[in-house]
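Asker: I am sharing data_32.txt, which consists of compact mmCIF, N, CA and C atoms:
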# COMPACT_ATOMS: atom_id res chain seq x y z
N MET A 1 47.77 85.56 13.06
CA MET A 1 48.57 85.84 11.89
C MET A 1 50.04 85.94 12.31
N ALA A 2 50.90 85.36 11.50
CA ALA A 2 52.34 85.40 11.75
C ALA A 2 52.88 86.81 11.57
N ASP A 3 53.88 87.19 12.36
CA ASP A 3 54.58 88.46 12.20
C ASP A 3 55.97 88.16 11.67
N LEU A 4 56.23 88.53 10.42
CA LEU A 4 57.49 88.20 9.76
C LEU A 4 58.48 89.34 9.74
N SER A 5 58.19 90.45 10.39
CA SER A 5 59.10 91.59 10.40
C SER A 5 60.45 91.19 11.00
N GLY A 6 61.52 91.63 10.36
CA GLY A 6 62.86 91.35 10.86
C GLY A 6 63.75 90.80 9.78
N THR A 7 64.89 90.28 10.20
CA THR A 7 65.90 89.74 9.28
C THR A 7 65.83 88.23 9.27
N TRP A 8 65.81 87.66 8.07
CA TRP A 8 65.76 86.22 7.86
C TRP A 8 66.98 85.81 7.04
N LEU A 9 67.61 84.73 7.41
CA LEU A 9 68.71 84.15 6.66
C LEU A 9 68.27 82.81 6.11
N GLY A 10 68.68 82.50 4.90
CA GLY A 10 68.26 81.23 4.35
C GLY A 10 68.98 80.85 3.08
N THR A 11 68.47 79.82 2.44
CA THR A 11 69.03 79.29 1.20
C THR A 11 67.87 78.91 0.29
N PHE A 12 68.03 79.24 -1.00
CA PHE A 12 67.09 78.72 -1.99
C PHE A 12 67.90 77.95 -3.03
N TRP A 13 67.23 77.04 -3.74
CA TRP A 13 67.87 76.22 -4.75
C TRP A 13 67.27 76.54 -6.10
N GLN A 14 68.14 76.70 -7.09
CA GLN A 14 67.70 76.92 -8.46
C GLN A 14 68.57 76.04 -9.35
N ALA A 15 67.92 75.21 -10.14
CA ALA A 15 68.63 74.26 -11.01
C ALA A 15 69.62 73.41 -10.21
N GLY A 16 69.24 73.05 -8.98
CA GLY A 16 70.06 72.20 -8.15
C GLY A 16 71.20 72.89 -7.43
N ASN A 17 71.34 74.20 -7.62
CA ASN A 17 72.43 74.96 -6.99
C ASN A 17 71.90 75.82 -5.86
N PRO A 18 72.54 75.74 -4.67
CA PRO A 18 72.08 76.54 -3.53
C PRO A 18 72.59 77.98 -3.62
N THR A 19 71.76 78.92 -3.18
CA THR A 19 72.15 80.33 -3.06
C THR A 19 71.69 80.81 -1.69
N ARG A 20 72.63 81.32 -0.89
CA ARG A 20 72.28 81.88 0.42
C ARG A 20 71.75 83.28 0.23
N PHE A 21 70.93 83.74 1.18
CA PHE A 21 70.38 85.08 1.10
C PHE A 21 70.12 85.65 2.48
N GLU A 22 70.00 86.98 2.53
CA GLU A 22 69.55 87.70 3.72
C GLU A 22 68.34 88.52 3.30
N LEU A 23 67.24 88.35 4.02
CA LEU A 23 65.97 88.99 3.71
C LEU A 23 65.54 89.84 4.89
N VAL A 24 65.26 91.11 4.64
CA VAL A 24 64.76 92.01 5.68
C VAL A 24 63.33 92.37 5.31
N LEU A 25 62.39 92.02 6.19
CA LEU A 25 60.97 92.24 5.93
C LEU A 25 60.37 93.23 6.92
N VAL A 26 59.42 94.01 6.42
CA VAL A 26 58.59 94.88 7.24
C VAL A 26 57.16 94.48 6.96
N GLN A 27 56.42 94.17 8.03
CA GLN A 27 55.03 93.75 7.88
C GLN A 27 54.12 94.79 8.51
N GLY A 28 53.10 95.20 7.78
CA GLY A 28 52.06 96.08 8.29
C GLY A 28 50.72 95.43 8.01
N GLY A 29 50.09 94.87 9.03
CA GLY A 29 48.86 94.12 8.79
C GLY A 29 49.19 92.90 7.96
N ASN A 30 48.49 92.75 6.84
CA ASN A 30 48.74 91.62 5.94
C ASN A 30 49.82 91.90 4.91
N SER A 31 50.26 93.15 4.79
CA SER A 31 51.22 93.54 3.75
C SER A 31 52.66 93.31 4.17
N LEU A 32 53.47 92.84 3.21
CA LEU A 32 54.90 92.65 3.41
C LEU A 32 55.66 93.50 2.40
N SER A 33 56.78 94.04 2.83
CA SER A 33 57.71 94.69 1.91
C SER A 33 59.10 94.51 2.47
N GLY A 34 60.10 94.70 1.63
CA GLY A 34 61.46 94.58 2.12
C GLY A 34 62.45 94.43 1.01
N ARG A 35 63.66 94.01 1.41
CA ARG A 35 64.77 93.82 0.48
C ARG A 35 65.45 92.50 0.78
N VAL A 36 66.02 91.94 -0.27
CA VAL A 36 66.76 90.69 -0.13
C VAL A 36 68.10 90.85 -0.84
N LEU A 37 69.14 90.30 -0.25
CA LEU A 37 70.47 90.29 -0.85
C LEU A 37 70.88 88.85 -1.04
N ASP A 38 70.95 88.44 -2.31
CA ASP A 38 71.38 87.08 -2.64
C ASP A 38 72.90 87.03 -2.68
N ASP A 39 73.46 85.94 -2.20
CA ASP A 39 74.91 85.73 -2.19
C ASP A 39 75.32 85.11 -3.53
N GLY A 40 75.05 85.83 -4.59
CA GLY A 40 75.35 85.35 -5.93
C GLY A 40 75.36 86.53 -6.89
N TYR A 41 75.45 86.25 -8.15
CA TYR A 41 75.60 87.31 -9.15
C TYR A 41 74.35 88.18 -9.32
N LEU A 42 73.19 87.73 -8.87
CA LEU A 42 71.97 88.52 -9.06
C LEU A 42 71.86 89.68 -8.08
N GLY A 43 72.44 89.54 -6.90
CA GLY A 43 72.53 90.66 -5.97
C GLY A 43 71.25 91.00 -5.26
N GLU A 44 70.95 92.31 -5.19
CA GLU A 44 69.86 92.82 -4.35
C GLU A 44 68.54 92.93 -5.12
N ALA A 45 67.47 92.74 -4.37
CA ALA A 45 66.13 92.82 -4.94
C ALA A 45 65.17 93.39 -3.91
N ARG A 46 64.04 93.86 -4.37
CA ARG A 46 62.98 94.28 -3.45
C ARG A 46 61.90 93.20 -3.47
N VAL A 47 61.18 93.09 -2.36
CA VAL A 47 60.09 92.13 -2.26
C VAL A 47 58.83 92.85 -1.80
N SER A 48 57.70 92.34 -2.26
CA SER A 48 56.40 92.84 -1.79
C SER A 48 55.42 91.67 -1.84
N GLY A 49 54.53 91.64 -0.85
CA GLY A 49 53.59 90.54 -0.81
C GLY A 49 52.63 90.65 0.34
N GLU A 50 52.14 89.48 0.79
CA GLU A 50 51.15 89.47 1.86
C GLU A 50 51.26 88.22 2.71
N VAL A 51 50.71 88.35 3.91
CA VAL A 51 50.61 87.24 4.87
C VAL A 51 49.14 87.09 5.22
N VAL A 52 48.63 85.88 5.11
CA VAL A 52 47.26 85.58 5.52
C VAL A 52 47.34 84.36 6.43
N GLY A 53 47.12 84.59 7.72
CA GLY A 53 47.33 83.51 8.69
C GLY A 53 48.80 83.14 8.70
N ARG A 54 49.12 81.91 8.36
CA ARG A 54 50.51 81.48 8.24
C ARG A 54 50.94 81.35 6.79
N ARG A 55 50.05 81.65 5.88
CA ARG A 55 50.35 81.56 4.45
C ARG A 55 51.03 82.84 3.98
N VAL A 56 52.14 82.71 3.23
CA VAL A 56 52.93 83.85 2.79
C VAL A 56 53.08 83.79 1.28
N SER A 57 52.97 84.94 0.63
CA SER A 57 53.29 85.03 -0.79
C SER A 57 53.95 86.38 -1.04
N PHE A 58 54.98 86.37 -1.88
CA PHE A 58 55.62 87.62 -2.24
C PHE A 58 56.30 87.50 -3.60
N VAL A 59 56.61 88.66 -4.17
CA VAL A 59 57.28 88.75 -5.46
C VAL A 59 58.63 89.41 -5.23
N LYS A 60 59.68 88.84 -5.84
CA LYS A 60 61.03 89.40 -5.76
C LYS A 60 61.39 89.99 -7.11
N ARG A 61 61.82 91.27 -7.10
CA ARG A 61 62.24 91.97 -8.32
C ARG A 61 63.67 92.47 -8.13
N TYR A 62 64.59 91.98 -8.96
CA TYR A 62 66.00 92.37 -8.84
C TYR A 62 66.23 93.79 -9.34
N PHE A 63 67.16 94.50 -8.69
CA PHE A 63 67.52 95.87 -9.07
C PHE A 63 68.45 95.90 -10.28
N THR A 64 69.41 95.00 -10.35
CA THR A 64 70.50 95.12 -11.31
C THR A 64 70.32 94.32 -12.59
N THR A 65 69.28 93.57 -12.71
CA THR A 65 69.07 92.77 -13.91
C THR A 65 67.66 92.95 -14.41
N SER A 66 67.41 92.52 -15.61
CA SER A 66 66.07 92.65 -16.18
C SER A 66 65.32 91.32 -16.15
N LEU A 67 65.68 90.47 -15.19
CA LEU A 67 64.99 89.19 -15.06
C LEU A 67 63.52 89.39 -14.74
N GLN A 68 62.73 88.42 -15.09
CA GLN A 68 61.32 88.43 -14.72
C GLN A 68 61.19 88.36 -13.21
N PRO A 69 60.14 88.96 -12.65
CA PRO A 69 59.91 88.82 -11.20
C PRO A 69 59.79 87.35 -10.81
N VAL A 70 60.18 87.04 -9.58
CA VAL A 70 60.12 85.67 -9.07
C VAL A 70 59.04 85.61 -8.00
N ASP A 71 58.07 84.72 -8.17
CA ASP A 71 56.97 84.55 -7.23
C ASP A 71 57.31 83.46 -6.22
N TYR A 72 57.04 83.74 -4.95
CA TYR A 72 57.26 82.79 -3.86
C TYR A 72 55.95 82.61 -3.11
N THR A 73 55.66 81.38 -2.71
CA THR A 73 54.54 81.10 -1.81
C THR A 73 55.03 80.08 -0.79
N GLY A 74 54.49 80.15 0.40
CA GLY A 74 54.90 79.21 1.42
C GLY A 74 54.06 79.33 2.67
N THR A 75 54.45 78.58 3.67
CA THR A 75 53.75 78.56 4.94
C THR A 75 54.77 78.78 6.06
N VAL A 76 54.43 79.64 7.00
CA VAL A 76 55.27 79.89 8.16
C VAL A 76 55.07 78.74 9.15
N SER A 77 56.16 78.25 9.73
CA SER A 77 56.04 77.20 10.73
C SER A 77 55.26 77.69 11.93
N GLU A 78 54.70 76.78 12.70
CA GLU A 78 53.89 77.15 13.86
C GLU A 78 54.68 77.96 14.87
N ASP A 79 56.00 77.68 14.99
CA ASP A 79 56.80 78.47 15.93
C ASP A 79 57.40 79.73 15.27
N GLU A 80 57.03 79.98 14.02
CA GLU A 80 57.45 81.15 13.24
C GLU A 80 58.96 81.24 13.08
N ASP A 81 59.65 80.07 13.05
CA ASP A 81 61.10 80.02 12.87
C ASP A 81 61.53 79.88 11.43
N TYR A 82 60.66 79.36 10.56
CA TYR A 82 61.06 79.16 9.18
C TYR A 82 59.84 79.17 8.26
N LEU A 83 60.13 79.37 6.95
CA LEU A 83 59.11 79.33 5.90
C LEU A 83 59.28 78.08 5.09
Kindly present the structure from the file in structure tokens form.
Answerer:
Amino acid sequence: MADLSGTWLGTFWQAGNPTRFELVLVQGGNSLSGRVLDDGYLGEARVSGEVVGRRVSFVKRYFTTSLQPVDYTGTVSEDEDYL
């Protein structure tokens, strides 16, 4: 099973526009929790989810807006460098 604890930097695209982010994850067994700070108007959010093998899923809920939660699913690379 992949260990995703730590700080991750990345970019996501929405409607063709890139947004950079910093994600801090804490993993306990299969459970994930943490916070993400988007470099855009939406700001900070909390995340919670799970890791099964290299498969990852989590939900992002923003603190400052009433947007619907955002679901993410993905696979960790074999060298655990990216999702």
Asker: Could you tell me which of A:Asp81, A:Gln14, A:Tyr41, A:Thr75 comes closest to A:Phe63 if we count only C-alpha atoms?
Answerer: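 Smallest distance to A:Phe63 is found for A:Tyr41.
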Asker: Out of A:Asp39, A:Glu22, A:Val47, A:Arg55, which residue has the shortest atom-to-atom distance to A:Val76 when counting all atoms listed in the file?
Answerer: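 Of A:Asp39, A:Glu22, A:Val47, A:Arg55, the one nearest A:Val76, counting all atoms listed in the file, is A:Arg55.
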Asker: Name the residues of chain A that come out as strand (DSSP E or B) in a backbone DSSP run; write them as a PyMOL selection string.
Answerer: chain A and resi 6-14+17-28+31-38+44-52+55-62+70-75
Asker: Keeping only N, CA and C atoms, write the selected residues as a short mmCIF file (atom, residue, chain, number, x, y, z; two decimals), in the coordinates of the input.
Answerer:
data_model
loop_
_atom_site.label_atom_id
_atom_site.label_comp_id
_atom_site.auth_asym_id
_atom_site.auth_seq_id
_atom_site.Cartn_x
_atom_site.Cartn_y
_atom_site.Cartn_z
N GLY A 6 61.52 91.63 10.36
CA GLY A 6 62.86 91.35 10.86
C GLY A 6 63.75 90.80 9.78
N THR A 7 64.89 90.28 10.20
CA THR A 7 65.90 89.74 9.28
C THR A 7 65.83 88.23 9.27
N TRP A 8 65.81 87.66 8.07
CA TRP A 8 65.76 86.22 7.86
C TRP A 8 66.98 85.81 7.04
N LEU A 9 67.61 84.73 7.41
CA LEU A 9 68.71 84.15 6.66
C LEU A 9 68.27 82.81 6.11
N GLY A 10 68.68 82.50 4.90
CA GLY A 10 68.26 81.23 4.35
C GLY A 10 68.98 80.85 3.08
N THR A 11 68.47 79.82 2.44
CA THR A 11 69.03 79.29 1.20
C THR A 11 67.87 78.91 0.29
N PHE A 12 68.03 79.24 -1.00
CA PHE A 12 67.09 78.72 -1.99
C PHE A 12 67.90 77.95 -3.03
N TRP A 13 67.23 77.04 -3.74
CA TRP A 13 67.87 76.22 -4.75
C TRP A 13 67.27 76.54 -6.10
N GLN A 14 68.14 76.70 -7.09
CA GLN A 14 67.70 76.92 -8.46
C GLN A 14 68.57 76.04 -9.35
N ASN A 17 71.34 74.20 -7.62
CA ASN A 17 72.43 74.96 -6.99
C ASN A 17 71.90 75.82 -5.86
N PRO A 18 72.54 75.74 -4.67
CA PRO A 18 72.08 76.54 -3.53
C PRO A 18 72.59 77.98 -3.62
N THR A 19 71.76 78.92 -3.18
CA THR A 19 72.15 80.33 -3.06
C THR A 19 71.69 80.81 -1.69
N ARG A 20 72.63 81.32 -0.89
CA ARG A 20 72.28 81.88 0.42
C ARG A 20 71.75 83.28 0.23
N PHE A 21 70.93 83.74 1.18
CA PHE A 21 70.38 85.08 1.10
C PHE A 21 70.12 85.65 2.48
N GLU A 22 70.00 86.98 2.53
CA GLU A 22 69.55 87.70 3.72
C GLU A 22 68.34 88.52 3.30
N LEU A 23 67.24 88.35 4.02
CA LEU A 23 65.97 88.99 3.71
C LEU A 23 65.54 89.84 4.89
N VAL A 24 65.26 91.11 4.64
CA VAL A 24 64.76 92.01 5.68
C VAL A 24 63.33 92.37 5.31
N LEU A 25 62.39 92.02 6.19
CA LEU A 25 60.97 92.24 5.93
C LEU A 25 60.37 93.23 6.92
N VAL A 26 59.42 94.01 6.42
CA VAL A 26 58.59 94.88 7.24
C VAL A 26 57.16 94.48 6.96
N GLN A 27 56.42 94.17 8.03
CA GLN A 27 55.03 93.75 7.88
C GLN A 27 54.12 94.79 8.51
N GLY A 28 53.10 95.20 7.78
CA GLY A 28 52.06 96.08 8.29
C GLY A 28 50.72 95.43 8.01
N SER A 31 50.26 93.15 4.79
CA SER A 31 51.22 93.54 3.75
C SER A 31 52.66 93.31 4.17
N LEU A 32 53.47 92.84 3.21
CA LEU A 32 54.90 92.65 3.41
C LEU A 32 55.66 93.50 2.40
N SER A 33 56.78 94.04 2.83
CA SER A 33 57.71 94.69 1.91
C SER A 33 59.10 94.51 2.47
N GLY A 34 60.10 94.70 1.63
CA GLY A 34 61.46 94.58 2.12
C GLY A 34 62.45 94.43 1.01
N ARG A 35 63.66 94.01 1.41
CA ARG A 35 64.77 93.82 0.48
C ARG A 35 65.45 92.50 0.78
N VAL A 36 66.02 91.94 -0.27
CA VAL A 36 66.76 90.69 -0.13
C VAL A 36 68.10 90.85 -0.84
N LEU A 37 69.14 90.30 -0.25
CA LEU A 37 70.47 90.29 -0.85
C LEU A 37 70.88 88.85 -1.04
N ASP A 38 70.95 88.44 -2.31
CA ASP A 38 71.38 87.08 -2.64
C ASP A 38 72.90 87.03 -2.68
N GLU A 44 70.95 92.31 -5.19
CA GLU A 44 69.86 92.82 -4.35
C GLU A 44 68.54 92.93 -5.12
N ALA A 45 67.47 92.74 -4.37
CA ALA A 45 66.13 92.82 -4.94
C ALA A 45 65.17 93.39 -3.91
N ARG A 46 64.04 93.86 -4.37
CA ARG A 46 62.98 94.28 -3.45
C ARG A 46 61.90 93.20 -3.47
N VAL A 47 61.18 93.09 -2.36
CA VAL A 47 60.09 92.13 -2.26
C VAL A 47 58.83 92.85 -1.80
N SER A 48 57.70 92.34 -2.26
CA SER A 48 56.40 92.84 -1.79
C SER A 48 55.42 91.67 -1.84
N GLY A 49 54.53 91.64 -0.85
CA GLY A 49 53.59 90.54 -0.81
C GLY A 49 52.63 90.65 0.34
N GLU A 50 52.14 89.48 0.79
CA GLU A 50 51.15 89.47 1.86
C GLU A 50 51.26 88.22 2.71
N VAL A 51 50.71 88.35 3.91
CA VAL A 51 50.61 87.24 4.87
C VAL A 51 49.14 87.09 5.22
N VAL A 52 48.63 85.88 5.11
CA VAL A 52 47.26 85.58 5.52
C VAL A 52 47.34 84.36 6.43
N ARG A 55 50.05 81.65 5.88
CA ARG A 55 50.35 81.56 4.45
C ARG A 55 51.03 82.84 3.98
N VAL A 56 52.14 82.71 3.23
CA VAL A 56 52.93 83.85 2.79
C VAL A 56 53.08 83.79 1.28
N SER A 57 52.97 84.94 0.63
CA SER A 57 53.29 85.03 -0.79
C SER A 57 53.95 86.38 -1.04
N PHE A 58 54.98 86.37 -1.88
CA PHE A 58 55.62 87.62 -2.24
C PHE A 58 56.30 87.50 -3.60
N VAL A 59 56.61 88.66 -4.17
CA VAL A 59 57.28 88.75 -5.46
C VAL A 59 58.63 89.41 -5.23
N LYS A 60 59.68 88.84 -5.84
CA LYS A 60 61.03 89.40 -5.76
C LYS A 60 61.39 89.99 -7.11
N ARG A 61 61.82 91.27 -7.10
CA ARG A 61 62.24 91.97 -8.32
C ARG A 61 63.67 92.47 -8.13
N TYR A 62 64.59 91.98 -8.96
CA TYR A 62 66.00 92.37 -8.84
C TYR A 62 66.23 93.79 -9.34
N VAL A 70 60.18 87.04 -9.58
CA VAL A 70 60.12 85.67 -9.07
C VAL A 70 59.04 85.61 -8.00
N ASP A 71 58.07 84.72 -8.17
CA ASP A 71 56.97 84.55 -7.23
C ASP A 71 57.31 83.46 -6.22
N TYR A 72 57.04 83.74 -4.95
CA TYR A 72 57.26 82.79 -3.86
C TYR A 72 55.95 82.61 -3.11
N THR A 73 55.66 81.38 -2.71
CA THR A 73 54.54 81.10 -1.81
C THR A 73 55.03 80.08 -0.79
N GLY A 74 54.49 80.15 0.40
CA GLY A 74 54.90 79.21 1.42
C GLY A 74 54.06 79.33 2.67
N THR A 75 54.45 78.58 3.67
CA THR A 75 53.75 78.56 4.94
C THR A 75 54.77 78.78 6.06
#
Asker: Excluding A:Pro69 and its own-chain neighbours fewer than 4 positions away, which residues fall within 7 Å of it when counting only N, CA and C atoms? Please give them as a PDB file with N, CA and C atoms, keeping the file's coordinate frame.
Answerer:
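Full text of part_28.pdb as output:
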ATOM      1  N   VAL A  59      56.610  88.660  -4.170  1.00  0.00           N
ATOM      2  CA  VAL A  59      57.280  88.750  -5.460  1.00  0.00           C
ATOM      3  C   VAL A  59      58.630  89.410  -5.230  1.00  0.00           C
ATOM      4  N   LYS A  60      59.680  88.840  -5.840  1.00  0.00           N
ATOM      5  CA  LYS A  60      61.030  89.400  -5.760  1.00  0.00           C
ATOM      6  C   LYS A  60      61.390  89.990  -7.110  1.00  0.00           C
ATOM      7  N   ARG A  61      61.820  91.270  -7.100  1.00  0.00           N
ATOM      8  CA  ARG A  61      62.240  91.970  -8.320  1.00  0.00           C
ATOM      9  C   ARG A  61      63.670  92.470  -8.130  1.00  0.00           C
ATOM     10  N   TYR A  62      64.590  91.980  -8.960  1.00  0.00           N
ATOM     11  CA  TYR A  62      66.000  92.370  -8.840  1.00  0.00           C
ATOM     12  C   TYR A  62      66.230  93.790  -9.340  1.00  0.00           C
TER      13      TYR A  62
END
Asker: Any idea what the distance is between atom CA of A:Gly29 and atom C of A:Phe58?
Answerer: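 Going from atom CA of A:Gly29 over to atom C of A:Phe58, I get 15.9 Å.
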Asker: By how many Å are atom CA of A:Phe21 and atom CA of A:Gly6 apart?
Answerer: 13.8 Å
Asker: Would you pick out the contacts of A:Leu37 at 7 Å or less, using all atoms listed in the file, so that residues sharing its chain but fewer than 5 positions from it are not included, and give the list as a compact mmCIF listing (two decimals) with N, CA and C atoms, keeping the file's coordinate frame?
Answerer:
# COMPACT_ATOMS: atom_id res chain seq x y z
N ARG A 20 72.63 81.32 -0.89
CA ARG A 20 72.28 81.88 0.42
C ARG A 20 71.75 83.28 0.23
N PHE A 21 70.93 83.74 1.18
CA PHE A 21 70.38 85.08 1.10
C PHE A 21 70.12 85.65 2.48
N GLU A 22 70.00 86.98 2.53
CA GLU A 22 69.55 87.70 3.72
C GLU A 22 68.34 88.52 3.30
N LEU A 23 67.24 88.35 4.02
CA LEU A 23 65.97 88.99 3.71
C LEU A 23 65.54 89.84 4.89
N VAL A 24 65.26 91.11 4.64
CA VAL A 24 64.76 92.01 5.68
C VAL A 24 63.33 92.37 5.31
N GLY A 43 72.44 89.54 -6.90
CA GLY A 43 72.53 90.66 -5.97
C GLY A 43 71.25 91.00 -5.26
N GLU A 44 70.95 92.31 -5.19
CA GLU A 44 69.86 92.82 -4.35
C GLU A 44 68.54 92.93 -5.12
N ALA A 45 67.47 92.74 -4.37
CA ALA A 45 66.13 92.82 -4.94
C ALA A 45 65.17 93.39 -3.91
Asker: Go ahead and compute the interatomic distance for atom CA of A:Asp38 and atom CA of A:Leu83, in Å to one decimal.
Answerer: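 Going from atom CA of A:Asp38 over to atom CA of A:Leu83 covers 16.8 Å.
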Asker: Just want the 8 Å neighbourhood of A:Ser5, counted on all atoms listed in the file, with same-chain residues fewer than 2 positions away dropped. Output as a ChimeraX atom specification.
Answerer: /A:2-3,7-8,24-28
Asker: For A:Ser57, which residue among A:Leu9, A:Ala15, A:Leu42, A:Leu32 is the nearest when counting all atoms listed in the file?
Answerer: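 Looking at the shortest contact to A:Ser57, the residue is A:Leu32.
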